[in-house]
Amino acid sequence: MTTPPTPVQGGMNRAWLTVGVTIVVLLLAAGARSAPGVFLKPMQADTGFTLTTLSGAVSVGLLLFGLGAPLSGYLMDRHGPRRVASLGLLLVAAAFLASAFLRTEGQLYALWGVLSGLGTGLAGSVLGAAVAARWFRARRGLVTGVFGAATSAGQLMFIPLLTLASGGQDWRLASAGIGLAALALAPVFWLLLRDRPSEVGLGLDGEPLDPAAAHIPPPQPDSSVMRRALTSRDFWLLSATFFVCGATSNGIIGTHFISYCNDLGLSAGYAAGMLAVMGAFNFVGTLGSGYLTDRFDPRVLLAAYYAFRGLSLLLLPALPPGASLGAFAVLFGLDYIATVPPTVALTARRFGAANVGTVYGWVFFAHQLGGVVRDQLGQYGPAFLAAGVLALLAAGLALGVTRPVPPTPQRAAAN
């Protein structure tokens with residue numbers, strides 16, 4: 001007979017400690033994922049590798065990062081985020097520390113392609129969703145929004161820092177710095193994180209653990225959940241809408257906005273400033289979305305976000321250069337990844353909190369596939385119009401997801 005865990009004082013403090021240490025990991029994973037793009041030019045000058053070779057290694061890393069999401073989710077559902085994310089941090093540490101001594105193309109593909117892609121996929125892609133699902137219920141949307149904001153902040157923080165640090169051969173020092181940070185963070189994360197609040201005598205949301213529930217084992221992942229998901233209309237609707245999210249955010253605005261501004265005669269510095277504004281308001285919008293997800297129907301929120309995004313993309317080609325583009329950056333930034341909290345919430349309610357990692361991992365992979373979409377229309381006007389129409393279609397698809405049923409006391413443990 002096992003002894004129930006001893007209740008601890010300051011339950012909310014422990015719950016927010018879990019949030020805090022997860023945020024640090026997500027910040028580092030986002031920074032590590034953005035590093036290859038920052039290092040491309042300094043590495044080309046230092047190593048003599050062609051841009052094609054460097055871009056190929058980055059593409060392998062992005063592919064494995066995307067595939068790392070369902071793998072990470074599956075492993076987290078079965079072995080807990082503590083073990084999986086700690087392994088991911090060690091892989092990131094190995095990849096970036098060894099990159100400081102990189103000399104050959106084979107090493108480039110092994111370190112920046114395989115190790116970096118898998119490491120950031122295990123440590124960053126599904127970690128926030130898994131921790132939020134295991135530790136929170138009433139505040140799950142808010143915490144998911146906090147984690148999404150942390151990922152955005154990681155990119156905002158690291159891209160300018162790495163740009164400043166990577167001039168000449170200093171990219172090697174910057175790479176070693178990321179590796180050392182990951183190596184130092186891995187044992188801290190292992191010591192501070194627990195896979196479930198019941199391990200420290202707490203219930204969901206940091207509430208006191210009901211003594212009657214202390215002997216009840218936590219919900220276990222369903223080994224056949226993906227078989228069930230693949231036959232579920234809701235899984236395909238969530239995947240399709242998240243594909244559109246990736247295509248209309250990273251796929252077209254994140255990739256082509258600077259080039260579009262250049263076509264309008266605006267400087268690259270101005271365009272980069274607009275992207276920075278977009279990123280800052282993305283942080284605000286994701287937090288706000290998390291707060292709203294705890295209070296309103298996530299389907300309606302998703303539909304509103306995609307409809308708003310679609311209208312903004314349809315209007316973009318008609319906006320004159322200047323202040324109107326700044327207004328677009330603010331409004332589009334608020335909506336950039338606001339879709340994450342309601343998507344995670346719908347996944348948890350439809351397939352169970354114990355299966356969030358596995359199912360959301362594949363939904364996230366659909367987002368990554370959308371993110372590699374490139375326009376083939378030759379001009380940006382038709383591309384933005386097509387993206388706007390896609391987003392409006394996604395708004396309709398979101399409303400087709402099964403209406404979530406509020407958890408009852410009998411269903412609470414499973415959700």
# chains A, B, ... in the order shown; residues from 1 in each chain; ligands from 1

$ closest_atom_pairs --of "region 292-323 of chain A" --to "region 384-393 of chain A" --cutoff "9 Å" --atoms "only C-alpha atoms" --output "CSV"
residue,atom,partner,partner_atom,distance
A:Ala303,CA,A:Leu392,CA,8.4
A:Tyr305,CA,A:Ala391,CA,8.9
A:Tyr306,CA,A:Ala391,CA,5.2
A:Ala307,CA,A:Leu392,CA,5.0
A:Phe308,CA,A:Leu392,CA,8.1
A:Arg309,CA,A:Ala391,CA,6.4
A:Gly310,CA,A:Gly388,CA,3.9
A:Leu311,CA,A:Gly388,CA,6.2
A:Ser312,CA,A:Gly388,CA,7.3
A:Leu313,CA,A:Gly388,CA,4.8
A:Leu314,CA,A:Leu385,CA,5.0
A:Leu315,CA,A:Leu385,CA,8.2
A:Leu316,CA,A:Phe384,CA,7.3
A:Pro317,CA,A:Phe384,CA,7.1

$ residues_around --residues "region 268-283 of chain A" --least-positions-apart "2" --cutoff "12 Å" --atoms "only C-alpha atoms" --output "PyMOL selection string"
chain A and resi 145-157+159-160+249-250+253-266+285-290+321-340

$ closest_residue --among "A:Ala348, A:Ala30, A:Ala394, A:Ala15" --to "Val244 (chain A)" --atoms "only C-alpha atoms"
A:Ala394

$ atom_distance --atom1 "CA of Leu127 (chain A)" --atom2 "CA of Arg33 (chain A)"
14.6 Å

$ select_by_dssp --residues "region 210-410 of chain A" --states "alpha helix (DSSP H)" --output "MDAnalysis selection string"
chainID A and resid 225:230 233:248 255:263 268:293 298:315 323:335 340:351 356:371 380:398

$ residues_around --residues "Thr18 (chain A)" --least-positions-apart "4" --cutoff "9 Å" --atoms "only C-alpha atoms" --output "list in words"
Asn13, Arg14, Thr22, Ile23, Val131, Trp135, Leu192, Leu193 and Arg194 of chain A

$ write_last_selection --atoms "C-alpha atoms" --output "CSV table (one decimal), in the first residue's frame"
chain,number,residue,atom,x,y,z
A,13,ASN,CA,3.0,29.1,-5.1
A,14,ARG,CA,4.1,25.6,-6.1
A,22,THR,CA,8.4,25.8,-17.7
A,23,ILE,CA,8.5,29.4,-19.0
A,131,VAL,CA,2.1,21.0,-18.3
A,135,TRP,CA,-1.5,21.0,-13.6
A,192,LEU,CA,11.8,21.7,-9.7
A,193,LEU,CA,9.2,20.2,-12.0
A,194,ARG,CA,6.8,17.4,-11.1

$ closest_residue --among "A:Val19, A:Leu238, A:Ala176, A:Gly121" --to "Pro197 (chain A)" --atoms "only C-alpha atoms"
A:Val19

$ atom_distance --atom1 "CA of Leu230 (chain A)" --atom2 "CA of Ala133 (chain A)"
21.2 Å

$ closest_residue --among "A:Gly361, A:Gly370, A:Pro342, A:Pro36" --to "Gly124 (chain A)" --atoms "only C-alpha atoms"
A:Gly361

$ residues_around --residues "Leu67 (chain A)" --least-positions-apart "5" --cutoff "12 Å" --atoms "only C-alpha atoms" --output "list in words"
Val60, Gly61, Leu62, Ser72, Gly73, Tyr74, Val114, Gly117, Leu118, Gly119, Thr120, Gly121, Leu122, Ser125, Val126, Thr358, Gly361, Trp362, Val363, Phe364, Phe365, Ala366, His367, Gln368 and Leu369 of chain A

$ residues_around --residues "Ala93 (chain A)" --least-positions-apart "6" --cutoff "10 Å" --atoms "only C-alpha atoms" --output "number ranges by chain"
A: 32, 87, 99, 115-116, 119, 175-186

$ write_last_selection --atoms "C-alpha atoms" --output "compact mmCIF listing (two decimals), in the first residue's frame"
# COMPACT_ATOMS: atom_id res chain seq x y z
CA ALA A 32 17.62 27.98 -29.75
CA LEU A 87 16.24 15.00 -22.40
CA SER A 99 28.52 23.53 -32.92
CA LEU A 115 20.20 17.16 -32.66
CA SER A 116 18.98 20.76 -32.62
CA GLY A 119 16.11 18.76 -28.91
CA SER A 175 26.30 28.95 -29.86
CA ALA A 176 28.34 27.76 -26.89
CA GLY A 177 26.42 30.20 -24.67
CA ILE A 178 23.10 28.63 -25.68
CA GLY A 179 24.54 25.17 -25.07
CA LEU A 180 25.82 26.09 -21.61
CA ALA A 181 22.46 27.66 -20.69
CA ALA A 182 20.62 24.48 -21.73
CA LEU A 183 23.11 22.32 -19.82
CA ALA A 184 22.67 24.41 -16.67
CA LEU A 185 18.88 24.48 -16.98
CA ALA A 186 18.38 20.71 -17.40

$ closest_residue --among "A:Ala395, A:Met76, A:Ala240, A:Leu161" --to "Arg196 (chain A)" --atoms "only C-alpha atoms"
A:Met76

$ atom_distance --atom1 "CA of Ala345 (chain A)" --atom2 "CA of Leu191 (chain A)"
28.0 Å

$ closest_residue --among "A:Pro70, A:Gly20, A:Gly113, A:Pro208" --to "Asn355 (chain A)" --atoms "only C-alpha atoms"
A:Pro70

$ closest_residue --among "A:Ala174, A:Val188, A:Leu162, A:Gly37" --to "Ser86 (chain A)" --atoms "only C-alpha atoms"
A:Val188

$ closest_atom_pairs --of "region 60-114 of chain A" --to "region 40-46 of chain A" --cutoff "12 Å" --atoms "only C-alpha atoms" --output "CSV"
residue,atom,partner,partner_atom,distance
A:Ser99,CA,A:Met43,CA,10.7
A:Ala100,CA,A:Met43,CA,10.7
A:Phe101,CA,A:Asp46,CA,11.9
A:Leu102,CA,A:Met43,CA,10.0
A:Arg103,CA,A:Asp46,CA,9.9
A:Thr104,CA,A:Met43,CA,11.9
A:Glu105,CA,A:Gln44,CA,11.7
A:Leu108,CA,A:Met43,CA,10.6
A:Trp112,CA,A:Leu40,CA,11.3

$ decode --residues "region 200-211 of chain A" --atoms "all heavy atoms" --output "JSON list (two decimals), in the first residue's frame"
[["chain", "number", "residue", "atom", "x", "y", "z"],
["A", 200, "VAL", "N", 3.05, 16.24, -5.25],
["A", 200, "VAL", "CA", 3.44, 17.09, -4.12],
["A", 200, "VAL", "C", 2.23, 17.40, -3.24],
["A", 200, "VAL", "O", 2.19, 18.41, -2.55],
["A", 200, "VAL", "CB", 4.11, 18.39, -4.60],
["A", 200, "VAL", "CG1", 5.49, 18.12, -5.17],
["A", 200, "VAL", "CG2", 3.25, 19.11, -5.64],
["A", 201, "GLY", "N", 1.24, 16.50, -3.27],
["A", 201, "GLY", "CA", 0.10, 16.63, -2.38],
["A", 201, "GLY", "C", -0.88, 17.72, -2.74],
["A", 201, "GLY", "O", -1.58, 18.25, -1.87],
["A", 202, "LEU", "N", -0.98, 18.07, -4.04],
["A", 202, "LEU", "CA", -1.88, 19.13, -4.48],
["A", 202, "LEU", "C", -2.88, 18.60, -5.50],
["A", 202, "LEU", "O", -2.66, 17.57, -6.15],
["A", 202, "LEU", "CB", -1.09, 20.27, -5.12],
["A", 202, "LEU", "CG", -0.15, 21.06, -4.20],
["A", 202, "LEU", "CD1", 0.68, 22.04, -5.02],
["A", 202, "LEU", "CD2", -0.94, 21.80, -3.13],
["A", 203, "GLY", "N", -3.99, 19.33, -5.64],
["A", 203, "GLY", "CA", -4.93, 19.07, -6.70],
["A", 203, "GLY", "C", -4.67, 20.01, -7.87],
["A", 203, "GLY", "O", -3.71, 20.79, -7.87],
["A", 204, "LEU", "N", -5.54, 19.95, -8.88],
["A", 204, "LEU", "CA", -5.40, 20.84, -10.03],
["A", 204, "LEU", "C", -5.52, 22.29, -9.59],
["A", 204, "LEU", "O", -6.20, 22.62, -8.62],
["A", 204, "LEU", "CB", -6.47, 20.51, -11.07],
["A", 204, "LEU", "CG", -6.33, 19.15, -11.76],
["A", 204, "LEU", "CD1", -7.55, 18.88, -12.63],
["A", 204, "LEU", "CD2", -5.06, 19.10, -12.60],
["A", 205, "ASP", "N", -4.83, 23.17, -10.34],
["A", 205, "ASP", "CA", -4.83, 24.62, -10.07],
["A", 205, "ASP", "C", -4.19, 24.96, -8.72],
["A", 205, "ASP", "O", -4.41, 26.05, -8.19],
["A", 205, "ASP", "CB", -6.25, 25.19, -10.13],
["A", 205, "ASP", "CG", -6.87, 25.06, -11.51],
["A", 205, "ASP", "OD1", -6.34, 25.69, -12.45],
["A", 205, "ASP", "OD2", -7.84, 24.31, -11.66],
["A", 206, "GLY", "N", -3.41, 24.02, -8.15],
["A", 206, "GLY", "CA", -2.76, 24.30, -6.87],
["A", 206, "GLY", "C", -3.67, 24.22, -5.68],
["A", 206, "GLY", "O", -3.29, 24.62, -4.57],
["A", 207, "GLU", "N", -4.88, 23.71, -5.89],
["A", 207, "GLU", "CA", -5.83, 23.58, -4.77],
["A", 207, "GLU", "C", -5.43, 22.42, -3.87],
["A", 207, "GLU", "O", -4.71, 21.51, -4.29],
["A", 207, "GLU", "CB", -7.25, 23.35, -5.32],
["A", 207, "GLU", "CG", -7.77, 24.50, -6.17],
["A", 207, "GLU", "CD", -7.95, 25.78, -5.39],
["A", 207, "GLU", "OE1", -8.20, 25.69, -4.17],
["A", 207, "GLU", "OE2", -7.82, 26.86, -5.99],
["A", 208, "PRO", "N", -5.90, 22.43, -2.61],
["A", 208, "PRO", "CA", -5.60, 21.30, -1.72],
["A", 208, "PRO", "C", -6.13, 20.00, -2.32],
["A", 208, "PRO", "O", -7.21, 19.97, -2.92],
["A", 208, "PRO", "CB", -6.34, 21.66, -0.42],
["A", 208, "PRO", "CG", -6.49, 23.14, -0.48],
["A", 208, "PRO", "CD", -6.66, 23.49, -1.93],
["A", 209, "LEU", "N", -5.39, 18.92, -2.14],
["A", 209, "LEU", "CA", -5.78, 17.63, -2.66],
["A", 209, "LEU", "C", -6.86, 17.02, -1.78],
["A", 209, "LEU", "O", -6.71, 16.93, -0.55],
["A", 209, "LEU", "CB", -4.57, 16.69, -2.71],
["A", 209, "LEU", "CG", -4.80, 15.30, -3.32],
["A", 209, "LEU", "CD1", -5.16, 15.43, -4.79],
["A", 209, "LEU", "CD2", -3.56, 14.43, -3.16],
["A", 210, "ASP", "N", -7.97, 16.65, -2.41],
["A", 210, "ASP", "CA", -9.06, 16.01, -1.67],
["A", 210, "ASP", "C", -8.56, 14.68, -1.10],
["A", 210, "ASP", "O", -8.11, 13.81, -1.86],
["A", 210, "ASP", "CB", -10.23, 15.77, -2.63],
["A", 210, "ASP", "CG", -11.44, 15.16, -1.94],
["A", 210, "ASP", "OD1", -11.35, 14.85, -0.73],
["A", 210, "ASP", "OD2", -12.47, 15.00, -2.62],
["A", 211, "PRO", "N", -8.60, 14.48, 0.25],
["A", 211, "PRO", "CA", -8.11, 13.22, 0.82],
["A", 211, "PRO", "C", -8.77, 11.99, 0.21],
["A", 211, "PRO", "O", -8.14, 10.95, 0.06],
["A", 211, "PRO", "CB", -8.44, 13.36, 2.32],
["A", 211, "PRO", "CG", -8.54, 14.82, 2.55],
["A", 211, "PRO", "CD", -9.09, 15.40, 1.28]]
